[in-house]
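Encoded as structure tokens, the structure appears first; notes follow it.
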Amino acid sequence: MSSLKIKVIIADDHDVYRDGLRLLLNADEEIEIIGEASNGKQLIELVKEKHPDVIVADLIMPGVSGVEAIKEIYKSGITRIIALSTFDTEYLIVEALEAGSLGYILKNAQKGEIIEAIKTVNEYNPYYCKSTSSRLVKLISKSKFNPYTKQNLDLFSDKEKEIITLICEEKSSEEIGNILFMSKRTVDGIRSKILSKMNVKTVAGVAIYAIKNSMYFVRHTA
Amino acid sequence: MYPHETRIYIAILIGVIIFLSLIGFFIVTIVRYQRKKVAFHVEKIKEQFYYLDKERERISKDLHDDLGASLSAIKLRLQCLKNLNNENSSIIENAEMQIDEVMKKIRHISFNMMPGVLQRRGLDEALKELIDIVTDNTDITVNYKFHAGIFEKNNALHIYRIAQEILNNIVKHSKATVVNFTIVKIKSAIELSISDNGIGFKKKEITTNLKGAGLKNISWRADILKAKVYLTTTPGNGVDYLFKIPI
């Protein structure tokens with residue numbers, strides 16, 4: 001049954017991190033690691049040779065960097081790429097998304113997120129890390145990255161559009177409930193409907209989808 | 001006039017000329033010496049800052065890349081644990097939270113030592129990030145407008161450090177609510193202006209002895225940039241810095 005598994009290549013220059021990642025991913029029945037690289041050049045060669053489904057690439061690597069490798073790999077038609085980044089290199093995440101990766105994940109992501117990211121990107125859907133800061137949402141919304149072809153805005157009801165706007169303003173379900181005179185449970189229900197219509201998993205995903213599809217406009221201070 | 005009188009006058013004249021020449025020579029030598037001394041001093045500071053910044057860059061990179069990666073790896077390994085009972089899973093959760101806290105601290109230290117964004121994206125982006133940190137963590141509104149353009153790497157770092165020091169001072173001491181931050185190119189100079197509406201200070205008291213390492217650093221880095229510094233402040237009336245940096 002191994003052919004049904006998601007074939008993954010991981011690239012990171014720190015052995016200790018790769019070891020941990022291997023341990024975590026090997027424990028998942030749907031994922032199979034078919035190769036590991038410790039720099040960008042190795043990654044490009046490995047991808048050519050092994051044809052993975054999903055690539056997880058660290059952005060800071062010696063020699064050919066992660067961003068450069070992603071650019072090169074994207075050119076060859078492979079799009080299911082997840083950028084792996086440290087907690088404070090937001091500008092690099094934006095560069096990686098512009099270079100062709102479909103999702104990103106922070107190295108200090110919460111339990112299960114890396115696996116969720118791999119499975120999401122494997123379905124050709126973008127993945128935005130749960131711990132995305134509002135600053136990063138702004139940076140991505142201003143960037144050239146746009147995985148969305150023109151969406152039919154009638155997809156969302158007026159109530160849903162209202163809630164989308166409030167989610168973009170970083171309001172919690174409880175706050176949204178208070179504003180729209182609804183119970184928190186109702187808001188949660190509509191929220192999960194929105195997430196599934198947008199095909200995203202996180203609040204950052206909702207915000208980026210809304211901004212990229214002109215459903216929400218960010219006020220820039222300067 | 002008797003011939004011997006003429007000789008005396010000529011001798012006096014020659015004496016005076018020699019005396020004046022000596023004084024002139026003396027003054028020129030002193031001025032030259034002073035200039036050389038200042039230039040030497042600036043060169044020395046420049047060199048010290050060069051090595052200081054280089055070392056900071058190295059430590060920052062080690063902290064960020066190596067320690068950051070190791071901590072992430074520890075977190076990954078904790079996430080691999082299975083079949084935990086409630087008690088153990090809450091211990092693991094706590095450990096993960098502590099790792100996140102340590103990572104945040106590392107980020108903070110590493111960023112203060114050397115912001116990676118400055119080297120990769122240039123001065124404009126680095127300053128934007130610096131301002132974002134201020135507005136995200138305080139109630140201060142920062143109005144900014146800049147287009148610094150491309151600087152030589154070391155000069156960009158000096159300008160960044162000056163801005164960082166001033167913003168630090170504003171956050172720590174000024175009680176300001178609004179900061180105006182601009183960098184504009186005027187003729188053959190870049191003008192960096194940072195002003196706040198805070199409590200200000202007694203300029204003489206602070207600047208005479210350059211109290212505090214922060215102000216010293218600002219002044220030295222300005223010297224390296226050959227910048228003219230204008231500081232306007234009085235208690236209760238905010239602080240206004242203007243740097244004219246020749247390009």
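Residue numbers start at 1 in each chain; chains themselves are named A, B, ... in the order of the structure tokens; ligands are numbered from 1 in the order shown.
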Per DSSP on the backbone, what are the strand (DSSP E) residues of range 21-125 of chain A, as a PyMOL selection string? chain A and resi 31-37+54-58+81-85+103-106
Could you work out which residues of chain A fall inside 12 Å of chain B? Count only C-alpha atoms, and format the result as a VMD selection string. chain A and resid 12 to 28 58 to 62 84 to 95 106 to 115 131 133 to 136 138 to 139 220 to 222
Interatomic distance between CA of Lys203 in chain B and CA of Ile140 in chain B?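 Between these atoms lies a distance of 22.9 Å.
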For Leu46 in chain A: contacts at 10 Å, only C-alpha atoms, fewer than 2 positions along chain excluded, given as a PyMOL selection string: chain A and resi 9+11+34-37+40-44+48-52
What does the structure give for the distance between CA of Ala210 in chain A and CA of Ile70 in chain A, in Å to one decimal?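 Pair CA of Ala210 in chain A / CA of Ile70 in chain A returns 25.8 Å.
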Hey, what does DSSP flag as alpha helix (DSSP H) within chain A? Can you give it to me as a VMD selection string? chain A and resid 15 to 26 40 to 50 66 to 75 90 to 99 113 to 122 134 to 142 158 to 168 173 to 180 184 to 198 203 to 212
Keeping C-alpha atoms for every residue in the selection just given, could you write it to a file as a CSV table (one decimal), in the first residue's frame?
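Once written, part00.csv looks like this:
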chain,number,residue,atom,x,y,z
A,15,ASP,CA,20.7,17.2,11.3
A,16,VAL,CA,19.1,17.4,14.7
A,17,TYR,CA,16.0,19.0,13.3
A,18,ARG,CA,15.8,16.6,10.3
A,19,ASP,CA,16.0,13.7,12.7
A,20,GLY,CA,13.1,15.0,14.7
A,21,LEU,CA,11.1,15.7,11.6
A,22,ARG,CA,11.7,12.2,10.3
A,23,LEU,CA,10.7,10.7,13.6
A,24,LEU,CA,7.4,12.7,13.6
A,25,LEU,CA,6.5,12.1,9.9
A,26,ASN,CA,7.4,8.4,10.0
A,40,GLY,CA,19.4,23.7,-1.7
A,41,LYS,CA,21.6,22.1,-4.4
A,42,GLN,CA,21.0,18.6,-3.0
A,43,LEU,CA,17.3,19.3,-2.8
A,44,ILE,CA,17.0,20.3,-6.4
A,45,GLU,CA,18.9,17.1,-7.5
A,46,LEU,CA,16.9,14.9,-5.2
A,47,VAL,CA,13.6,16.3,-6.5
A,48,LYS,CA,14.6,15.6,-10.1
A,49,GLU,CA,15.6,12.1,-9.2
A,50,LYS,CA,12.7,11.0,-6.9
A,66,GLY,CA,15.8,27.4,0.3
A,67,VAL,CA,14.1,30.3,-1.5
A,68,GLU,CA,16.4,29.8,-4.6
A,69,ALA,CA,15.8,26.1,-4.5
A,70,ILE,CA,12.1,26.6,-4.4
A,71,LYS,CA,12.3,29.0,-7.4
A,72,GLU,CA,14.2,26.4,-9.3
A,73,ILE,CA,11.9,23.5,-8.4
A,74,TYR,CA,8.8,25.5,-9.2
A,75,LYS,CA,10.1,26.2,-12.7
A,90,GLU,CA,8.7,36.7,7.9
A,91,TYR,CA,10.2,38.4,4.9
A,92,LEU,CA,11.7,35.0,3.9
A,93,ILE,CA,8.3,33.4,4.1
A,94,VAL,CA,7.0,36.0,1.7
A,95,GLU,CA,9.9,35.4,-0.7
A,96,ALA,CA,9.3,31.7,-0.6
A,97,LEU,CA,5.6,32.1,-1.4
A,98,GLU,CA,6.5,34.4,-4.2
A,99,ALA,CA,9.1,31.9,-5.4
A,113,GLU,CA,0.5,21.1,12.2
A,114,ILE,CA,3.3,19.9,10.1
A,115,ILE,CA,1.4,16.7,9.2
A,116,GLU,CA,-1.8,18.8,8.5
A,117,ALA,CA,0.3,21.1,6.3
A,118,ILE,CA,1.7,18.2,4.2
A,119,LYS,CA,-1.8,16.7,3.8
A,120,THR,CA,-3.3,20.1,2.8
A,121,VAL,CA,-0.6,21.0,0.3
A,122,ASN,CA,-0.8,17.5,-1.1
A,134,SER,CA,-1.1,39.8,11.7
A,135,ARG,CA,2.1,41.5,10.3
A,136,LEU,CA,2.8,38.4,8.2
A,137,VAL,CA,-0.8,38.4,6.9
A,138,LYS,CA,-0.3,42.0,5.8
A,139,LEU,CA,3.0,41.2,4.1
A,140,ILE,CA,1.5,38.2,2.3
A,141,SER,CA,-1.5,40.2,1.3
A,142,LYS,CA,0.7,42.9,-0.3
A,158,ASP,CA,-24.1,38.2,3.5
A,159,LYS,CA,-23.9,37.0,7.1
A,160,GLU,CA,-20.8,35.0,6.2
A,161,LYS,CA,-19.2,38.0,4.5
A,162,GLU,CA,-19.9,40.0,7.6
A,163,ILE,CA,-18.2,37.4,9.8
A,164,ILE,CA,-15.3,37.1,7.4
A,165,THR,CA,-14.7,40.9,7.8
A,166,LEU,CA,-14.8,40.5,11.6
A,167,ILE,CA,-12.4,37.5,11.5
A,168,CYS,CA,-10.0,39.7,9.4
A,173,SER,CA,-16.0,34.0,18.0
A,174,GLU,CA,-17.3,35.4,21.2
A,175,GLU,CA,-16.7,39.0,20.2
A,176,ILE,CA,-18.3,38.4,16.8
A,177,GLY,CA,-21.3,36.9,18.6
A,178,ASN,CA,-21.6,40.1,20.7
A,179,ILE,CA,-21.4,42.3,17.7
A,180,LEU,CA,-23.9,40.4,15.6
A,184,LYS,CA,-20.8,31.8,20.2
A,185,ARG,CA,-21.9,28.4,19.0
A,186,THR,CA,-23.7,29.8,16.0
A,187,VAL,CA,-20.6,31.9,15.1
A,188,ASP,CA,-18.4,28.8,15.4
A,189,GLY,CA,-20.7,26.9,13.1
A,190,ILE,CA,-20.6,29.6,10.4
A,191,ARG,CA,-16.9,30.0,10.9
A,192,SER,CA,-16.2,26.4,10.1
A,193,LYS,CA,-18.5,26.6,7.1
A,194,ILE,CA,-16.4,29.6,5.9
A,195,LEU,CA,-13.2,27.7,6.4
A,196,SER,CA,-14.4,24.7,4.4
A,197,LYS,CA,-15.8,26.9,1.6
A,198,MET,CA,-12.4,28.7,1.4
A,203,VAL,CA,-7.6,32.3,10.7
A,204,ALA,CA,-4.6,33.6,8.7
A,205,GLY,CA,-5.9,31.5,5.7
A,206,VAL,CA,-9.3,33.3,6.0
A,207,ALA,CA,-7.7,36.7,6.1
A,208,ILE,CA,-5.4,36.0,3.2
A,209,TYR,CA,-8.2,34.5,1.1
A,210,ALA,CA,-10.4,37.5,1.9
A,211,ILE,CA,-7.7,40.1,1.0
A,212,LYS,CA,-6.6,38.3,-2.1
Between B:Gln164, B:Asn137, B:Thr29, B:Asn85, which one has atoms that come closest to Leu215 in chain B, using only C-alpha atoms? B:Gln164
